[in-house]
file final-v1.pdb (PDB, C-alpha atoms and all ligand atoms)
ATOM      1  CA  MET A1158       0.169 -11.187 -21.050
ATOM      2  CA  VAL A1159      -0.196 -14.934 -20.792
ATOM      3  CA  ALA A1160      -2.796 -14.934 -23.534
ATOM      4  CA  ALA A1161      -0.611 -12.743 -25.707
ATOM      5  CA  GLY A1162       1.900 -15.522 -26.030
ATOM      6  CA  LEU A1163       3.993 -15.069 -22.932
ATOM      7  CA  LEU A1164       4.206 -18.801 -22.367
ATOM      8  CA  GLU A1165       5.418 -19.567 -25.889
ATOM      9  CA  GLU A1166       8.009 -16.836 -25.597
ATOM     10  CA  LEU A1167       9.180 -18.099 -22.230
ATOM     11  CA  ARG A1168       9.523 -21.680 -23.473
ATOM     12  CA  ASP A1169      11.438 -20.523 -26.510
ATOM     13  CA  PHE A1170      13.765 -18.346 -24.481
ATOM     14  CA  HIS A1171      14.273 -21.076 -21.925
ATOM     15  CA  ARG A1172      15.137 -23.624 -24.608
ATOM     16  CA  ARG A1173      17.556 -21.331 -26.342
ATOM     17  CA  TYR A1174      19.396 -19.601 -23.535
ATOM     18  CA  ASN A1175      18.512 -20.991 -20.156
ATOM     19  CA  GLN A1176      18.182 -24.756 -20.316
ATOM     20  CA  GLU A1177      21.883 -25.355 -20.678
ATOM     21  CA  LYS A1178      22.767 -23.029 -17.845
ATOM     22  CA  VAL A1179      20.259 -24.711 -15.552
ATOM     23  CA  ALA A1180      21.661 -28.099 -16.506
ATOM     24  CA  GLU A1181      25.168 -26.909 -15.683
ATOM     25  CA  ASN A1182      23.842 -25.403 -12.484
ATOM     26  CA  CYS A1183      25.196 -21.990 -13.358
ATOM     27  CA  GLN A1184      21.896 -20.222 -13.897
ATOM     28  CA  ASP A1185      21.866 -16.737 -12.498
ATOM     29  CA  TYR A1186      18.603 -14.840 -12.227
ATOM     30  CA  GLN A1187      20.334 -11.777 -10.814
ATOM     31  CA  HIS A1188      21.893 -10.540 -14.037
ATOM     32  CA  GLY A1189      20.941  -9.229 -17.434
ATOM     33  CA  ILE A1190      17.835 -10.388 -19.188
ATOM     34  CA  PHE A1191      17.394 -13.287 -16.748
ATOM     35  CA  GLN A1192      16.338 -10.938 -13.972
ATOM     36  CA  SER A1193      13.478  -9.444 -16.010
ATOM     37  CA  ILE A1194      10.003  -9.685 -14.607
ATOM     38  CA  GLY A1195       8.102 -12.685 -15.877
ATOM     39  CA  PHE A1196      10.961 -15.075 -16.418
ATOM     40  CA  LYS A1197      12.386 -16.298 -13.140
ATOM     41  CA  GLU A1198       8.845 -16.633 -11.794
ATOM     42  CA  PHE A1199       8.352 -19.527 -14.212
ATOM     43  CA  HIS A1200      11.603 -21.302 -13.407
ATOM     44  CA  GLU A1201      10.041 -24.326 -11.704
ATOM     45  CA  TYR A1202       7.429 -24.666 -14.410
ATOM     46  CA  LEU A1203       9.910 -24.450 -17.250
ATOM     47  CA  ILE A1204      12.460 -26.894 -15.899
ATOM     48  CA  THR A1205       9.855 -29.542 -15.024
ATOM     49  CA  GLU A1206       7.538 -29.201 -18.007
ATOM     50  CA  GLY A1207       7.124 -32.568 -19.694
ATOM     51  CA  LYS A1208       9.015 -34.302 -16.884
ATOM     52  CA  CYS A1209       6.251 -34.296 -14.304
ATOM     53  CA  PRO A1210       2.515 -35.093 -14.207
ATOM     54  CA  GLN A1211       0.193 -32.752 -16.042
ATOM     55  CA  GLU A1212      -1.494 -31.615 -12.799
ATOM     56  CA  THR A1213       1.835 -30.711 -11.195
ATOM     57  CA  SER A1214       2.765 -28.752 -14.267
ATOM     58  CA  ALA A1215      -0.560 -26.908 -14.219
ATOM     59  CA  LEU A1216      -0.062 -26.061 -10.553
ATOM     60  CA  LEU A1217       3.452 -24.752 -11.142
ATOM     61  CA  LEU A1218       2.188 -22.676 -14.040
ATOM     62  CA  GLU A1219      -0.540 -21.171 -11.870
ATOM     63  CA  LYS A1220       2.045 -20.478  -9.173
ATOM     64  CA  GLY A1221       4.192 -18.685 -11.732
ATOM     65  CA  ILE A1222       1.270 -16.597 -12.959
ATOM     66  CA  GLN A1223       0.381 -15.524  -9.421
ATOM     67  CA  ALA A1224       4.016 -14.624  -8.707
ATOM     68  CA  LEU A1225       4.146 -12.683 -11.976
ATOM     69  CA  LYS A1226       1.059 -10.679 -11.002
ATOM     70  CA  LEU A1227       2.545  -9.893  -7.621
ATOM     71  CA  VAL A1228       5.908  -8.667  -8.912
ATOM     72  CA  THR A1229       4.203  -6.688 -11.681
ATOM     73  CA  LYS A1230       2.046  -4.924  -9.116
ATOM     74  CA  ARG A1231       5.080  -4.244  -6.957
ATOM     75  CA  TYR A1232       7.014  -2.916  -9.931
ATOM     76  CA  ALA A1233       4.156  -0.605 -10.965
ATOM     77  CA  ARG A1234       4.032   0.814  -7.470
ATOM     78  CA  LYS A1235       7.774   1.376  -7.545
ATOM     79  CA  GLN A1236       7.552   3.115 -10.914
ATOM     80  CA  ASN A1237       4.774   5.405  -9.714
ATOM     81  CA  LYS A1238       6.822   6.314  -6.688
ATOM     82  CA  TRP A1239       9.846   6.979  -8.837
ATOM     83  CA  VAL A1240       7.899   9.284 -11.188
ATOM     84  CA  ARG A1241       6.459  11.128  -8.204
ATOM     85  CA  ASN A1242       9.829  11.635  -6.559
ATOM     86  CA  ARG A1243      11.827  12.313  -9.676
ATOM     87  CA  PHE A1244       9.392  14.598 -11.503
ATOM     88  CA  LEU A1245       6.463  15.784  -9.439
ATOM     89  CA  ARG A1246       8.418  16.692  -6.344
ATOM     90  CA  ARG A1247      11.392  18.210  -8.085
ATOM     91  CA  PRO A1248      10.364  21.107 -10.256
ATOM     92  CA  GLY A1249      12.994  22.342 -12.675
ATOM     93  CA  PRO A1250      13.743  23.085 -16.297
ATOM     94  CA  ASN A1251      14.556  19.449 -17.119
ATOM     95  CA  VAL A1252      11.338  18.049 -15.793
ATOM     96  CA  PRO A1253       8.925  16.972 -18.538
ATOM     97  CA  PRO A1254       5.166  17.278 -18.079
ATOM     98  CA  VAL A1255       3.657  14.157 -16.541
ATOM     99  CA  TYR A1256       0.216  13.002 -17.634
ATOM    100  CA  GLY A1257      -2.048  10.938 -15.464
ATOM    101  CA  LEU A1258      -4.525   8.458 -16.903
ATOM    102  CA  GLU A1259      -7.402   6.727 -15.173
ATOM    103  CA  VAL A1260      -6.461   3.056 -15.429
ATOM    104  CA  SER A1261      -8.608   1.430 -12.766
ATOM    105  CA  ASP A1262     -11.471   0.345 -15.035
ATOM    106  CA  LEU A1263     -10.168  -2.324 -17.407
ATOM    107  CA  SER A1264     -13.399  -2.416 -19.402
ATOM    108  CA  GLN A1265     -12.805   1.242 -20.327
ATOM    109  CA  TRP A1266      -9.157   0.738 -21.218
ATOM    110  CA  ASP A1267      -9.291   1.889 -24.851
ATOM    111  CA  GLU A1268     -11.428   4.916 -24.060
ATOM    112  CA  ASN A1269      -9.675   6.009 -20.826
ATOM    113  CA  VAL A1270      -6.097   4.967 -21.417
ATOM    114  CA  LEU A1271      -5.164   4.000 -24.953
ATOM    115  CA  LYS A1272      -6.887   6.841 -26.805
ATOM    116  CA  PRO A1273      -5.764   9.701 -24.550
ATOM    117  CA  ALA A1274      -2.234   8.237 -24.328
ATOM    118  CA  LEU A1275      -1.960   8.120 -28.126
ATOM    119  CA  GLN A1276      -3.283  11.660 -28.340
ATOM    120  CA  ILE A1277      -0.673  12.914 -25.911
ATOM    121  CA  VAL A1278       2.175  11.144 -27.715
ATOM    122  CA  GLU A1279       0.942  12.368 -31.090
ATOM    123  CA  SER A1280       0.757  15.962 -29.883
ATOM    124  CA  PHE A1281       4.254  15.627 -28.467
ATOM    125  CA  ILE A1282       5.619  14.315 -31.757
ATOM    126  CA  GLN A1283       3.931  17.101 -33.703
ATOM    127  CA  GLY A1284       5.091  19.734 -31.242
ATOM    128  CA  ARG A1285       1.572  20.663 -30.188
ATOM    129  CA  GLN A1286       0.188  21.161 -26.723
ATOM    130  CA  PRO A1287      -1.884  18.071 -25.767
ATOM    131  CA  SER A1288      -5.508  18.730 -24.906
ATOM    132  CA  ALA A1289      -5.069  16.956 -21.581
ATOM    133  CA  ASP A1290      -3.599  18.824 -18.636
ATOM    134  CA  PRO A1291      -0.419  17.487 -17.079
ATOM    135  CA  VAL A1292      -0.413  16.341 -13.465
ATOM    136  CA  LYS A1293       0.237  19.257 -11.137
ATOM    137  CA  MET A1294       3.612  19.582  -9.522
ATOM    138  CA  GLU A1295       3.311  19.015  -5.818
ATOM    139  CA  SER A1296       4.758  22.477  -5.261
ATOM    140  CA  GLU A1297       1.977  23.980  -7.409
ATOM    141  CA  ILE A1298      -0.744  22.572  -5.234
ATOM    142  CA  LYS A1299      -2.047  25.569  -3.396
ATOM    143  CA  GLU A1300      -1.213  25.547   0.237
ATOM    144  CA  ASP A1301      -2.375  28.038   2.788
ATOM    145  CA  LYS A1302       0.700  29.381   4.526
ATOM    146  CA  ARG A1303      -1.323  31.280   7.060
ATOM    147  CA  SER A1304      -3.913  28.714   8.086
ATOM    148  CA  HIS A1305      -4.183  28.077  11.809
ATOM    149  CA  HIS A1306      -4.379  24.566  13.124
ATOM    150  CA  MET A1307      -4.949  23.930  16.786
ATOM    151  CA  CYS A1308      -3.408  20.698  17.994
ATOM    152  CA  GLU A1309      -5.350  19.886  21.115
ATOM    153  CA  LEU A1310      -3.102  16.963  21.803
ATOM    154  CA  CYS A1311       0.030  19.067  22.049
ATOM    155  CA  ASN A1312      -1.811  22.219  23.048
ATOM    156  CA  ARG A1313      -0.135  24.152  20.279
ATOM    157  CA  VAL A1314      -1.210  26.314  17.375
ATOM    158  CA  ILE A1315       0.476  25.401  14.123
ATOM    159  CA  ILE A1316       0.491  27.962  11.320
ATOM    160  CA  GLY A1317       0.553  26.862   7.682
ATOM    161  CA  ASP A1318      -0.690  23.716   5.917
ATOM    162  CA  ARG A1319       2.770  22.353   5.269
ATOM    163  CA  GLU A1320       3.844  22.898   8.861
ATOM    164  CA  TRP A1321       0.660  21.231  10.031
ATOM    165  CA  ALA A1322       1.292  18.195   7.831
ATOM    166  CA  ALA A1323       4.814  18.010   9.217
ATOM    167  CA  HIS A1324       3.565  18.420  12.772
ATOM    168  CA  THR A1325       1.128  15.517  12.559
ATOM    169  CA  LYS A1326       4.044  13.301  11.591
ATOM    170  CA  SER A1327       6.499  14.742  14.105
ATOM    171  CA  LYS A1328       8.023  12.768  16.954
ATOM    172  CA  SER A1329       6.586  14.986  19.666
ATOM    173  CA  HIS A1330       3.047  14.832  18.264
ATOM    174  CA  LEU A1331       3.208  11.059  17.864
ATOM    175  CA  HIS A1332       4.557  10.826  21.402
ATOM    176  CA  HIS A1333       1.539  12.768  22.692
ATOM    177  CA  LEU A1334      -0.758  10.624  20.591
ATOM    178  CA  LYS A1335       0.684   7.464  22.103
ATOM    179  CA  LYS A1336       0.380   8.886  25.605
ATOM    180  CA  ARG A1337      -3.245   9.844  24.988
ATOM    181  CA  ARG A1338      -4.100   6.391  23.685
ATOM    182  CA  LYS A1339      -2.454   4.762  26.683
ATOM    183  CA  LEU A1340      -4.374   7.029  29.035
ATOM    184  CA  HIS A1341      -7.615   6.177  27.275
ATOM    185  CA  SER A1342      -7.095   2.469  27.560
ATOM    186  CA  THR A1343      -6.149   2.818  31.260
ATOM    187  CA  LEU A1344      -9.232   4.972  31.877
ATOM    188  CA  SER A1345     -11.585   2.579  30.182
ATOM    189  CA  ALA A1346     -10.067  -0.301  32.166
ATOM    190  CA  VAL A1347     -10.595   1.612  35.432
ATOM    191  CA  GLU A1348     -14.101   2.562  34.343
ATOM    192  CA  SER A1349     -15.116  -1.002  33.698
ATOM    193  CA  ARG A1350     -13.718  -1.983  37.105
ATOM    194  CA  VAL A1351     -15.695   0.839  38.776
ATOM    195  CA  ASN A1352     -18.840  -0.326  37.004
ATOM    196  CA  VAL A1353     -18.410  -3.838  38.319
ATOM    197  CA  THR A1354     -17.965  -2.574  41.891
ATOM    198  CA  GLU A1355     -21.018  -0.340  41.604
ATOM    199  CA  THR A1356     -23.178  -3.169  40.361
ATOM    200  CA  GLN A1357     -22.043  -5.355  43.234
ATOM    201  CA  GLY A1358     -22.768  -2.548  45.713
ATOM    202  CA  ASP A1359     -26.273  -2.064  44.307
ATOM    203  CA  HIS A1360     -26.891  -5.726  44.545
ATOM    204  CA  GLU A1361     -25.962  -5.880  48.227
ATOM    205  CA  GLY A1362     -28.075  -2.799  48.897
ATOM    206  CA  THR A1363     -31.141  -4.371  47.384
ATOM    207  CA  GLU A1364     -30.695  -7.467  49.486
ATOM    208  CA  ASN A1365     -30.513  -5.461  52.677
ATOM    209  CA  LEU A1366     -33.616  -3.482  51.759
ATOM    210  CA  GLY A1367     -35.565  -6.621  51.080
ATOM    211  CA  GLN A1368     -34.930  -8.007  54.515
ATOM    212  CA  ASP A1369     -36.787  -6.923  57.561
ATOM    213  CA  PRO A1370     -34.124  -6.225  60.177
ATOM    214  CA  GLN A1371     -36.352  -7.458  62.997
ATOM    215  CA  THR A1372     -37.240 -10.768  61.467
ATOM    216  CA  SER A1373     -33.763 -11.383  60.151
ATOM    217  CA  PRO A1374     -32.130 -14.030  62.276
ATOM    218  CA  ALA A1375     -28.634 -12.663  61.849
ATOM    219  CA  GLN A1376     -29.467  -9.107  62.657
ATOM    220  CA  PRO A1377     -30.046  -9.114  66.467
ATOM    221  CA  GLU A1378     -26.956 -11.146  67.228
ATOM    222  CA  ASN A1379     -24.812  -8.787  65.158
ATOM    223  CA  GLY A1380     -26.275  -5.678  66.784
TER     224      GLY A1380
HETATM  225 ZN    ZN B   1       0.318  17.770  18.047
END
call {"tool": "encode", "arguments": {"input": "final-v1.pdb", "output": "structure tokens"}}
result
Amino acid sequence: MVAAGLLEELRDFHRRYNQEKVAENCQDYQHGIFQSIGFKEFHEYLITEGKCPQETSALLLEKGIQALKLVTKRYARKQNKWVRNRFLRRPGPNVPPVYGLEVSDLSQWDENVLKPALQIVESFIQGRQPSADPVKMESEIKEDKRSHHMCELCNRVIIGDREWAAHTKSKSHLHHLKKRRKLHSTLSAVESRVNVTETQGDHEGTENLGQDPQTSPAQPENG
């Protein structure tokens, strides 16, 4: 993005539309184009460029780039979530097919992302079925409605995959889980205390065995 001329674009936009507003102290990054990702992150850099040492400027630029990466990541996550909730979890006649592409390997971008994406769009434009399969609706994913799950924590049998998934997130199950964890930590604390006592006991025992009661000076007086 930066290499593709982002900086030049930002400077140009800043000069044309933003500089004056900043000068008049009426800049507002909450509205319109000014709130778009990749602009407000460079505010400090843009308003100080040429008015501060080169190193400071470079630092502010780096800061902007890092902030840009962060908000872009956050936005991508939000978009994915939106697509999942809006399309994949809500089957219906108005829901278009959603295609998933493997984007994690940047070195394979053209092969894994660009080419298949263009193919899908092309097929769509020409009214053909794309060769790739759309992402499955979450409701299409086969679930076993009769599977038995034994929850040893709650001592209950749960029937059905969906019910089981819901159970593991339920308040009562989590309550039991918490109780079990607490019990475990108490037990291990008690255990370590018992171990210490046992070791001390053994130690005393060995000492007694090593001494001859008759030659021990303390023994006759005690007895
Ligand atoms: Zn449970």
call {"tool": "resolve_selection", "arguments": {"input": "final-v1.pdb", "expression": "the PyMOL selection byres (((chain A and resi 1168) around 10) and not hetatm)", "output": "list in words"}}
result
Leu1163, Leu1164, Glu1165, Glu1166, Leu1167, Asp1169, Phe1170, His1171, Arg1172, Arg1173, Asn1175, Gln1176, Phe1196, Phe1199, Tyr1202, Leu1203, Ile1204 and Glu1206 of chain A
call {"tool": "write_last_selection", "arguments": {"input": "final-v1.pdb", "atoms": "C-alpha atoms", "output": "tab-separated table (two decimals), in the coordinates of the input"}}
result
chain	number	residue	atom	x	y	z
A	1163	LEU	CA	3.99	-15.07	-22.93
A	1164	LEU	CA	4.21	-18.80	-22.37
A	1165	GLU	CA	5.42	-19.57	-25.89
A	1166	GLU	CA	8.01	-16.84	-25.60
A	1167	LEU	CA	9.18	-18.10	-22.23
A	1169	ASP	CA	11.44	-20.52	-26.51
A	1170	PHE	CA	13.76	-18.35	-24.48
A	1171	HIS	CA	14.27	-21.08	-21.92
A	1172	ARG	CA	15.14	-23.62	-24.61
A	1173	ARG	CA	17.56	-21.33	-26.34
A	1175	ASN	CA	18.51	-20.99	-20.16
A	1176	GLN	CA	18.18	-24.76	-20.32
A	1196	PHE	CA	10.96	-15.08	-16.42
A	1199	PHE	CA	8.35	-19.53	-14.21
A	1202	TYR	CA	7.43	-24.67	-14.41
A	1203	LEU	CA	9.91	-24.45	-17.25
A	1204	ILE	CA	12.46	-26.89	-15.90
A	1206	GLU	CA	7.54	-29.20	-18.01
call {"tool": "closest_residue", "arguments": {"input": "final-v1.pdb", "among": "A:Arg1231, A:Arg1313, A:Arg1319, A:Lys1335", "to": "ligand ZN 1 (chain B)", "atoms": "only C-alpha atoms and all ligand atoms"}}
result
A:Arg1313
call {"tool": "atom_distance", "arguments": {"input": "final-v1.pdb", "atom1": "CA of Lys1220 (chain A)", "atom2": "CA of Gly1195 (chain A)"}}
result
11.9 Å
call {"tool": "residues_near_ligand", "arguments": {"input": "final-v1.pdb", "ligand": "ligand ZN 1 (chain B)", "cutoff": "7 Å", "atoms": "only C-alpha atoms and all ligand atoms", "output": "PyMOL selection string"}}
result
chain A and resi 1308-1311+1313+1324-1325+1330+1333
call {"tool": "closest_residue", "arguments": {"input": "final-v1.pdb", "among": "A:Leu1218, A:Ala1233, A:Met1307, A:Met1294", "to": "Leu1245 (chain A)", "atoms": "all atoms listed in the file"}}
result
A:Met1294
call {"tool": "atom_distance", "arguments": {"input": "final-v1.pdb", "atom1": "CA of Gln1283 (chain A)", "atom2": "CA of Pro1254 (chain A)"}}
result
15.7 Å
call {"tool": "resolve_selection", "arguments": {"input": "final-v1.pdb", "expression": "the PyMOL selection byres (((chain A and resi 1291) around 7) and not hetatm)", "output": "MDAnalysis selection string"}}
result
chainID A and resid 1254:1257 1289:1290 1292:1293
call {"tool": "closest_residue", "arguments": {"input": "final-v1.pdb", "among": "A:Ser1296, A:Cys1183, A:Thr1205, A:Ser1261", "to": "Gly1249 (chain A)", "atoms": "only C-alpha atoms"}}
result
A:Ser1296
call {"tool": "atom_distance", "arguments": {"input": "final-v1.pdb", "atom1": "CA of Gly1317 (chain A)", "atom2": "CA of Glu1295 (chain A)"}}
result
15.9 Å
call {"tool": "closest_residue", "arguments": {"input": "final-v1.pdb", "among": "A:Ala1224, A:Trp1239, A:Leu1344, A:Ser1214", "to": "Lys1197 (chain A)", "atoms": "only C-alpha atoms"}}
result
A:Ala1224
call {"tool": "closest_residue", "arguments": {"input": "final-v1.pdb", "among": "A:Arg1246, A:Val1240, A:Lys1178, A:Asp1267", "to": "Glu1297 (chain A)", "atoms": "only C-alpha atoms"}}
result
A:Arg1246
call {"tool": "build_atoms", "arguments": {"input": "final-v1.pdb", "residues": "region 1222-1233 of chain A", "atoms": "all heavy atoms", "output": "compact mmCIF listing (two decimals), keeping the file's coordinate frame"}}
result
# COMPACT_ATOMS: atom_id res chain seq x y z
N ILE A 1222 2.14 -17.70 -12.55
CA ILE A 1222 1.27 -16.60 -12.96
C ILE A 1222 0.95 -15.69 -11.77
O ILE A 1222 1.01 -14.47 -11.87
CB ILE A 1222 -0.03 -17.13 -13.61
CG1 ILE A 1222 0.30 -17.80 -14.95
CG2 ILE A 1222 -1.05 -16.00 -13.82
CD1 ILE A 1222 -0.86 -18.53 -15.60
N GLN A 1223 0.67 -16.32 -10.62
CA GLN A 1223 0.38 -15.52 -9.42
C GLN A 1223 1.60 -14.70 -9.01
O GLN A 1223 1.47 -13.53 -8.64
CB GLN A 1223 -0.07 -16.42 -8.25
CG GLN A 1223 -1.44 -17.06 -8.44
CD GLN A 1223 -2.51 -16.07 -8.85
OE1 GLN A 1223 -2.55 -14.94 -8.37
NE2 GLN A 1223 -3.38 -16.48 -9.76
N ALA A 1224 2.78 -15.34 -9.07
CA ALA A 1224 4.02 -14.62 -8.71
C ALA A 1224 4.26 -13.47 -9.67
O ALA A 1224 4.67 -12.38 -9.27
CB ALA A 1224 5.19 -15.59 -8.72
N LEU A 1225 3.96 -13.72 -10.96
CA LEU A 1225 4.15 -12.68 -11.98
C LEU A 1225 3.24 -11.48 -11.69
O LEU A 1225 3.68 -10.33 -11.78
CB LEU A 1225 3.83 -13.25 -13.35
CG LEU A 1225 3.77 -12.26 -14.51
CD1 LEU A 1225 5.14 -11.65 -14.75
CD2 LEU A 1225 3.27 -12.92 -15.78
N LYS A 1226 1.99 -11.76 -11.31
CA LYS A 1226 1.06 -10.68 -11.00
C LYS A 1226 1.56 -9.86 -9.82
O LYS A 1226 1.50 -8.63 -9.82
CB LYS A 1226 -0.33 -11.24 -10.68
CG LYS A 1226 -1.08 -11.70 -11.91
CD LYS A 1226 -2.45 -12.20 -11.53
CE LYS A 1226 -3.19 -12.70 -12.78
NZ LYS A 1226 -4.44 -13.35 -12.43
N LEU A 1227 2.07 -10.57 -8.82
CA LEU A 1227 2.54 -9.89 -7.62
C LEU A 1227 3.73 -8.97 -7.92
O LEU A 1227 3.74 -7.80 -7.53
CB LEU A 1227 2.94 -10.95 -6.58
CG LEU A 1227 3.24 -10.40 -5.20
CD1 LEU A 1227 1.94 -10.07 -4.48
CD2 LEU A 1227 4.05 -11.40 -4.39
N VAL A 1228 4.73 -9.51 -8.65
CA VAL A 1228 5.91 -8.67 -8.91
C VAL A 1228 5.57 -7.53 -9.87
O VAL A 1228 6.15 -6.45 -9.77
CB VAL A 1228 7.13 -9.46 -9.45
CG1 VAL A 1228 7.72 -10.32 -8.37
CG2 VAL A 1228 6.78 -10.30 -10.65
N THR A 1229 4.60 -7.76 -10.77
CA THR A 1229 4.20 -6.69 -11.68
C THR A 1229 3.56 -5.55 -10.90
O THR A 1229 3.85 -4.37 -11.13
CB THR A 1229 3.21 -7.22 -12.74
OG1 THR A 1229 3.79 -8.33 -13.40
CG2 THR A 1229 2.89 -6.14 -13.77
N LYS A 1230 2.70 -5.93 -9.96
CA LYS A 1230 2.05 -4.92 -9.12
C LYS A 1230 3.09 -4.13 -8.33
O LYS A 1230 3.04 -2.91 -8.26
CB LYS A 1230 1.10 -5.63 -8.14
CG LYS A 1230 -0.29 -5.01 -8.10
CD LYS A 1230 -1.17 -5.70 -7.10
CE LYS A 1230 -1.76 -6.99 -7.62
NZ LYS A 1230 -2.53 -7.73 -6.61
N ARG A 1231 4.04 -4.87 -7.76
CA ARG A 1231 5.08 -4.24 -6.96
C ARG A 1231 5.91 -3.29 -7.82
O ARG A 1231 6.25 -2.19 -7.40
CB ARG A 1231 5.98 -5.35 -6.38
CG ARG A 1231 6.46 -5.04 -5.00
CD ARG A 1231 7.22 -6.21 -4.44
NE ARG A 1231 6.37 -7.17 -3.76
CZ ARG A 1231 6.74 -8.44 -3.54
NH1 ARG A 1231 7.88 -8.89 -3.96
NH2 ARG A 1231 5.92 -9.25 -2.89
N TYR A 1232 6.21 -3.72 -9.03
CA TYR A 1232 7.01 -2.92 -9.93
C TYR A 1232 6.27 -1.64 -10.34
O TYR A 1232 6.86 -0.56 -10.39
CB TYR A 1232 7.38 -3.73 -11.17
CG TYR A 1232 8.32 -3.02 -12.10
CD1 TYR A 1232 9.60 -2.71 -11.66
CD2 TYR A 1232 7.94 -2.65 -13.38
CE1 TYR A 1232 10.48 -2.04 -12.50
CE2 TYR A 1232 8.81 -1.99 -14.23
CZ TYR A 1232 10.08 -1.69 -13.78
OH TYR A 1232 10.94 -1.03 -14.60
N ALA A 1233 4.96 -1.77 -10.59
CA ALA A 1233 4.16 -0.60 -10.96
C ALA A 1233 4.15 0.41 -9.84
O ALA A 1233 4.26 1.62 -10.06
CB ALA A 1233 2.73 -1.04 -11.29
